[in-house]
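J.: Pasting in a structure now, in structure tokens, and then I'll have a few things to ask.
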Amino acid sequence: MRSKVVLRRLLRNKQARYGSIALIVLVALAYLGPFVGPYDWTDKDFLAFLSPPGGDHWWGTTTIGQDMYAVTLRGMQKSILIGLLVALISTGLAAIVGAFAGYFGGWVDKTLMWGVDLLLVLPSFLIIAIISPRLREGASWLWFVALLAAFSWMITSRVVRSMTLSLREREYVQAAVYMGIPRWKIIFRHIVPNLSSLLIIDATLNVSGAIIGEAALSFFGFGIQPPDVSLGTLIAEGSRNATGYPWLFAFPAGLLVLLVLSVNMIGDGLRDALDPGSNS
Amino acid sequence: MSILEVRDLTVTFPGGIQAVRGVSYEVERGEVLGIVGESGSGKSVTSLAVMGLLPTNAVVSGSVKLHGRELLGMKEDEQIKVRGKTISMIFQDPLSAFTPVYTIGDQIAEAVRVHQSVGKDKAAKRAVELLDLVGIPNPGLRAKAFPHEFSGGMRQRAMIAMAIANDPDLLICDEPTTALDVTIQAQVLEVLKTAQQETGAGIVMITHDLGVIAGMADRVVVMYAGRPVEQGPVDDIYYRPRMPYTMGLLASIPRIDGEEGPLVPIDGNPPSPASLPPGCPFAPRCPMKVDMCDDEEPPLTPFGSGRHVACIRSHEIEHKGLTGADVFPVPVIPPNEVVRVPRAERPTVLELDAMTKHYPLLKGAIVKRRVGTVYAVDGISFDIAQGETLALVGESGCGKTTTLQQIMQLQPPEGGRVVVLGKDSATLDKAGRKSLRGDLQIVFQDPMAALDPRMPVGDIIAEPLRAHGEKDVRAKVEELLVLVGLAAEHAERYPQQFSGGQRQRIGIARALALEPKLLVLDEPVSALDVSIQAGVINLLDELKSRLGLSYLFVAHDLAVVRHLADRVAVMYLGKIAEIGTVENVYDRPAHPYTQALLSAIPLPDPEMERTRKRILLEGDLPSPADPPSGCRFRTRCPKFAVLSEAEQRRCVDEEPSVARLANVVDHGAACHYAEEVEVITASDNQEEE
């Protein structure tokens, strides 16, 4: 069975193995860590401003007395969530748009690809930077996710489209047409599943892309808005005092690097496992 | 003295896969050795090992001696001197064997210059000579052409020219004509014979086509599961096979001069090289198997003069004079009752009336303008009665596939009419089209590509049922699997766990799920091995009579058609050249194209191959974008060449339509000067009857 072979190859791959162990540890830390720590992320310890790591505050405190350990983990939760959601949405969108454009061809293809080209030439950073601070109410971070996703699917959808063009000529797709199966159903039943290796790899790599994108935007104040925190906002605040109070910067930045690294390692391992031709 | 001597050659791939297990043969000067076997029998790996072209992770042992010099374990730079000079190879796919960015002439000249110290212009001249030798018209001009400007047949000729450029002592041909059409195959085989006469080289001919071997080879090696199971002179192998596998293989080939009726199938599949059975590898499929066969693998022992057989019962076969048909059980397929009704009284299931399909040739990047038309299908008419099989035959590019797509799409055609089960496709609405799809189903050529690799077989077969609103499909799926000769529990497996023949059966089961009345078969057996092919053909035959189906059978293999079809339509360049019952068309072909086509097919009969006269066609199929005026076949027609000028005028000016021939009911040819000629002499078994 193919899935078993892929799994075996994935487990044999050193990179992917270490990557997944690291990711599991990091996710566990983000979601289980806060229960272990003595402070909540909203707590402020007015007796300890900017205290270095050790003792009561494991990773030190911020300028307003927040526990660095609790705040960083809270930020990491947000970053992981954003990364996963963005990857899911953008890969899903890429798959659907690409498959429809490739399968239907004609004016559907033209319109969709025109939209893709348009989104590709728009300066995404600038647009997100302008829009996102204006969405202050409620779950504004969800809007932020949508914006990030909206600007990260285009290249993949082009790849999906060209692969669909070749899948469309396959005999099992034609067989389905001659059976009288509706065309949208053929796309979801025969085209998209046969693109799954590409999509899985793409989604994995999108996770790290989205985490970095989120961090970059938040760093400049355009992403997650206070009082909410993410790794990006924490790094931004920490970087101002990085030399004097290194723990403010080192913990969120280090976790960000670890997170992205582990996801990328899994992505590379997956690519090697699913597509044996690519490992050189 | 022999040129090449192979002794106990074994090739093992990582994971303990023994692809070749002890092959020994020798080739004399001027001799043609045929190696036959099904896919996976190790015949190609053997020749790659001889050439030293296997990947480095393959372990090769044994001995390969060229003029007494050991080739195995030779250093790479010494091997290079041998390769292409003393031994050269002709590959199956002539397109990928040439570099697309250099001209054909340059590539042949390069092959000359690598091994001979000659000047550039001298090498170029030699290239032109070689192209002339292999029968390329205008060789001086064509040498400057790029590979993509050559047709498949011309490319294979150029490949032969390149292979004989250095006057090699040994030519290895790996399926040299498999990718080509029959008329082109006949041309290329002729060129190969010329090339051999010119160079006096020994030839190792590797193929699965027993007809090609019969016409070319002096001696034959039959391989099965990585080992030779029988070897000897060609006549002995073909007329007196003494190993059940060879017997089955020869009996299972559909023959163009054969009679209708079931073929001899060999049950089961070739064993996987990773898990061979304990004794004789053929034992699980052998009807003559006794307990002793499982004890140990029989060695290849000398048997009579100059031949070797690996079977413990070979003397018994010799003694009793058994043939393939005696040993292998032939299924009896009772005819369907529908067929007893005269054809004219049966309802028509499919009717094509002057159907056309033209593709525009467009040019321009932004504003596309039409610069020409490809006349893919240009007015063809035929009909299929209930319970009947009509075969549509022709070479690649003749418009078979376009015709089939036009029928399957159930859309109004560009011109003419398509009537399926009494319903005109031009008047169908969406619901009508969908319900008609249940009556019209298709079986595809490539069993690998026709099944979605990510769906279990049960879901694949259930797909058409679910699409047409059936809820409870489980029982029906199991019934269908049993119907096509598989087991009900196969429903949970995935397509890649099945062999080619089994997958084709799954494809047939899916096509039958909606209980269609008309089944379109698009080359259903051309991708299968001979021994598997017979089983699938018999299954199709049996299903037809059991379920009262009608078939539209599209094929290029005229021998298969003879066994399965009732009527046959021969297509050439988008038009029907000849149509009629199988007996009429095969025994008394009237159109010069049909005659050439039939005479080009090699027979698995060495005696007949030697005495047969071929009608060789000149050149390639003209481009369908620019068909000749009048009769489309006239540019290649052997008859046209011998006509007087006044008679030729008619061929050039007037397009012949399919005219019914006098004194036969069901036989028509599109030729002004149609004349019945017998091209295939009746085989012995027919004469006996």
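Within each chain, counting starts at residue 1; across the structure tokens, chains are named A, B, ... in the order shown, with ligands numbered 1 upward in that order.
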Using only C-alpha atoms, determine which residues lie at most 10 Å from Ile579 (chain B), disregarding the query and same-chain residues fewer than 2 positions distant; provide the list as a PyMOL selection string.

T.: chain B and resi 381-382+390-392+567-571+576-577+581-582+584-585+589-591+594+658-660+666-670

J.: Using 10 Å as the limit and counting only C-alpha atoms, can you tabulate each residue of region 70-104 of chain B that touches region 46-63 of chain B, with its shortest atom-to-atom distance in Å and the two atoms involved, as CSV?

T.:
```
residue,atom,partner,partner_atom,distance
B:Glu70,CA,B:Ser63,CA,6.8
B:Leu71,CA,B:Val50,CA,7.5
B:Leu72,CA,B:Ser63,CA,6.4
B:Gly73,CA,B:Gly52,CA,9.0
B:Met74,CA,B:Gly52,CA,8.9
B:Glu76,CA,B:Gly52,CA,8.8
B:Gln79,CA,B:Gly52,CA,7.5
B:Ile80,CA,B:Gly52,CA,9.4
B:Val82,CA,B:Met51,CA,8.8
B:Arg83,CA,B:Met51,CA,6.8
B:Gly84,CA,B:Met51,CA,9.4
B:Ile87,CA,B:Met51,CA,7.6
B:Ser88,CA,B:Met51,CA,8.2
B:Met89,CA,B:Met51,CA,8.2
```

J.: Identify, with DSSP run on backbone atoms, the residues in region 233-345 of chain B assigned to strand (DSSP E or B), and express the list as a count of residues only.

T.: 5

J.: Write out as number ranges by chain the residues lying within 9 Å of region 176-188 of chain A, counting only C-alpha atoms and excluding same-chain residues fewer than 5 positions away.

T.: A: 96, 99-100, 103-104, 171, 193; B: 408-409, 433-435, 437-438, 440-442, 463-465, 467-468, 511, 514

J.: Restricting it to N, CA and C atoms, dump the selection as an mmCIF file, in the first residue's frame.

T.:
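Output file out12.cif follows:
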```cif
data_model
loop_
_atom_site.group_PDB
_atom_site.id
_atom_site.type_symbol
_atom_site.label_atom_id
_atom_site.label_comp_id
_atom_site.auth_asym_id
_atom_site.auth_seq_id
_atom_site.Cartn_x
_atom_site.Cartn_y
_atom_site.Cartn_z
ATOM 1 N N ILE A 96 -8.712 24.305 -5.028
ATOM 2 C CA ILE A 96 -10.012 24.458 -5.680
ATOM 3 C C ILE A 96 -9.899 25.351 -6.912
ATOM 4 N N ALA A 99 -7.746 23.598 -9.621
ATOM 5 C CA ALA A 99 -8.397 22.442 -10.239
ATOM 6 C C ALA A 99 -9.558 22.876 -11.125
ATOM 7 N N PHE A 100 -10.336 23.856 -10.667
ATOM 8 C CA PHE A 100 -11.457 24.312 -11.499
ATOM 9 C C PHE A 100 -10.945 24.975 -12.776
ATOM 10 N N TYR A 103 -9.475 22.214 -15.003
ATOM 11 C CA TYR A 103 -10.414 21.221 -15.515
ATOM 12 C C TYR A 103 -11.413 21.823 -16.488
ATOM 13 N N PHE A 104 -11.941 22.982 -16.141
ATOM 14 C CA PHE A 104 -12.967 23.547 -17.013
ATOM 15 C C PHE A 104 -12.380 24.244 -18.230
ATOM 16 N N GLU A 171 -7.325 8.508 -18.359
ATOM 17 C CA GLU A 171 -8.491 7.730 -18.765
ATOM 18 C C GLU A 171 -9.515 7.560 -17.651
ATOM 19 N N PRO A 193 -7.835 14.398 -5.053
ATOM 20 C CA PRO A 193 -7.099 13.339 -4.338
ATOM 21 C C PRO A 193 -5.803 12.945 -5.026
ATOM 22 N N MET B 408 -18.792 8.776 -27.731
ATOM 23 C CA MET B 408 -18.922 8.738 -26.280
ATOM 24 C C MET B 408 -19.425 10.068 -25.709
ATOM 25 N N GLN B 409 -19.084 11.165 -26.338
ATOM 26 C CA GLN B 409 -19.472 12.456 -25.776
ATOM 27 C C GLN B 409 -20.969 12.694 -25.860
ATOM 28 N N ARG B 433 -29.244 12.511 -21.995
ATOM 29 C CA ARG B 433 -27.857 12.136 -22.205
ATOM 30 C C ARG B 433 -27.372 11.271 -21.052
ATOM 31 N N LYS B 434 -27.749 11.690 -19.843
ATOM 32 C CA LYS B 434 -27.269 10.948 -18.686
ATOM 33 C C LYS B 434 -27.851 9.535 -18.654
ATOM 34 N N SER B 435 -29.125 9.417 -18.984
ATOM 35 C CA SER B 435 -29.703 8.071 -18.925
ATOM 36 C C SER B 435 -29.159 7.205 -20.055
ATOM 37 N N ARG B 437 -26.133 7.338 -21.074
ATOM 38 C CA ARG B 437 -24.785 6.927 -20.686
ATOM 39 C C ARG B 437 -24.781 5.557 -20.020
ATOM 40 N N GLY B 438 -25.868 5.218 -19.373
ATOM 41 C CA GLY B 438 -25.958 3.902 -18.761
ATOM 42 C C GLY B 438 -25.977 2.774 -19.779
ATOM 43 N N LEU B 440 -24.395 3.020 -22.736
ATOM 44 C CA LEU B 440 -23.224 3.146 -23.595
ATOM 45 C C LEU B 440 -22.007 3.296 -22.691
ATOM 46 N N GLN B 441 -21.191 2.292 -22.621
ATOM 47 C CA GLN B 441 -20.036 2.368 -21.725
ATOM 48 C C GLN B 441 -18.756 2.031 -22.472
ATOM 49 N N ILE B 442 -17.625 2.323 -21.823
ATOM 50 C CA ILE B 442 -16.353 2.192 -22.520
ATOM 51 C C ILE B 442 -15.330 1.433 -21.678
ATOM 52 N N GLU B 463 -18.738 3.348 -8.607
ATOM 53 C CA GLU B 463 -18.882 4.747 -9.011
ATOM 54 C C GLU B 463 -20.004 4.987 -10.022
ATOM 55 N N PRO B 464 -20.045 4.234 -11.128
ATOM 56 C CA PRO B 464 -21.153 4.468 -12.061
ATOM 57 C C PRO B 464 -22.511 4.151 -11.439
ATOM 58 N N LEU B 465 -22.563 3.161 -10.551
ATOM 59 C CA LEU B 465 -23.837 2.813 -9.910
ATOM 60 C C LEU B 465 -24.321 3.967 -9.047
ATOM 61 N N ALA B 467 -23.445 7.060 -9.286
ATOM 62 C CA ALA B 467 -23.733 8.231 -10.113
ATOM 63 C C ALA B 467 -25.130 8.143 -10.705
ATOM 64 N N HIS B 468 -25.602 6.925 -10.888
ATOM 65 C CA HIS B 468 -26.941 6.776 -11.437
ATOM 66 C C HIS B 468 -27.962 6.446 -10.356
ATOM 67 N N ALA B 511 -17.381 -1.027 -16.564
ATOM 68 C CA ALA B 511 -18.165 -0.684 -17.742
ATOM 69 C C ALA B 511 -19.492 -1.436 -17.764
ATOM 70 N N LEU B 514 -23.553 -0.716 -15.217
ATOM 71 C CA LEU B 514 -24.868 -0.134 -15.497
ATOM 72 C C LEU B 514 -25.660 -0.961 -16.501
#
```

J.: Fewer than 6 positions away in the same chain doesn't count, so skip those; otherwise give me all residues within 12 Å of Arg12 (chain A), counting only C-alpha atoms, as a PyMOL selection string.

T.: chain A and resi 5-6+18+269-270+272-273

J.: Identify, on the basis of only C-alpha atoms, every residue whose closest approach to Pro271 (chain B) does not exceed 9 Å; exclude the query and any residue fewer than 4 positions from it along the same chain; express the result as number ranges by chain.

T.: B: 40, 225, 275-277, 281-282, 284

J.: At a cut-off of 12 Å, using only C-alpha atoms, what residues contact Ser162 (chain A)? Leave out same-chain residues fewer than 3 positions from it and give the result as a list in words.

T.: Ala95, Val97, Gly98, Ala99, Phe100, Ala101, Gly102, Tyr103, Gly105, Asp109, Met113, Ile155, Thr156, Ser157, Arg158, Val159, Leu165, Ser166, Leu167, Arg168, Glu169, Ile191 and Leu195 of chain A

J.: What lies within 9 Å of Phe633 (chain B) using only C-alpha atoms, ignoring chain neighbours under 2 positions off, as a PyMOL selection string?

T.: chain B and resi 572-573+577+592-593+621-622+628+630-631+635-637+640

J.: Measuring atom to atom with only C-alpha atoms, identify which of A:Ser230, A:Ser218, A:Asn241, A:Asn194 is nearest to chain B.

T.: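 Counting only C-alpha atoms, the residue closest to chain B is A:Asn194.
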
J.: Enter the distance from CA of Gln533 (chain B) to CA of Met288 (chain B), in Å, rounded to one decimal.

T.: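 Value for the CA of Gln533 (chain B)-CA of Met288 (chain B) distance: 21.1 Å.
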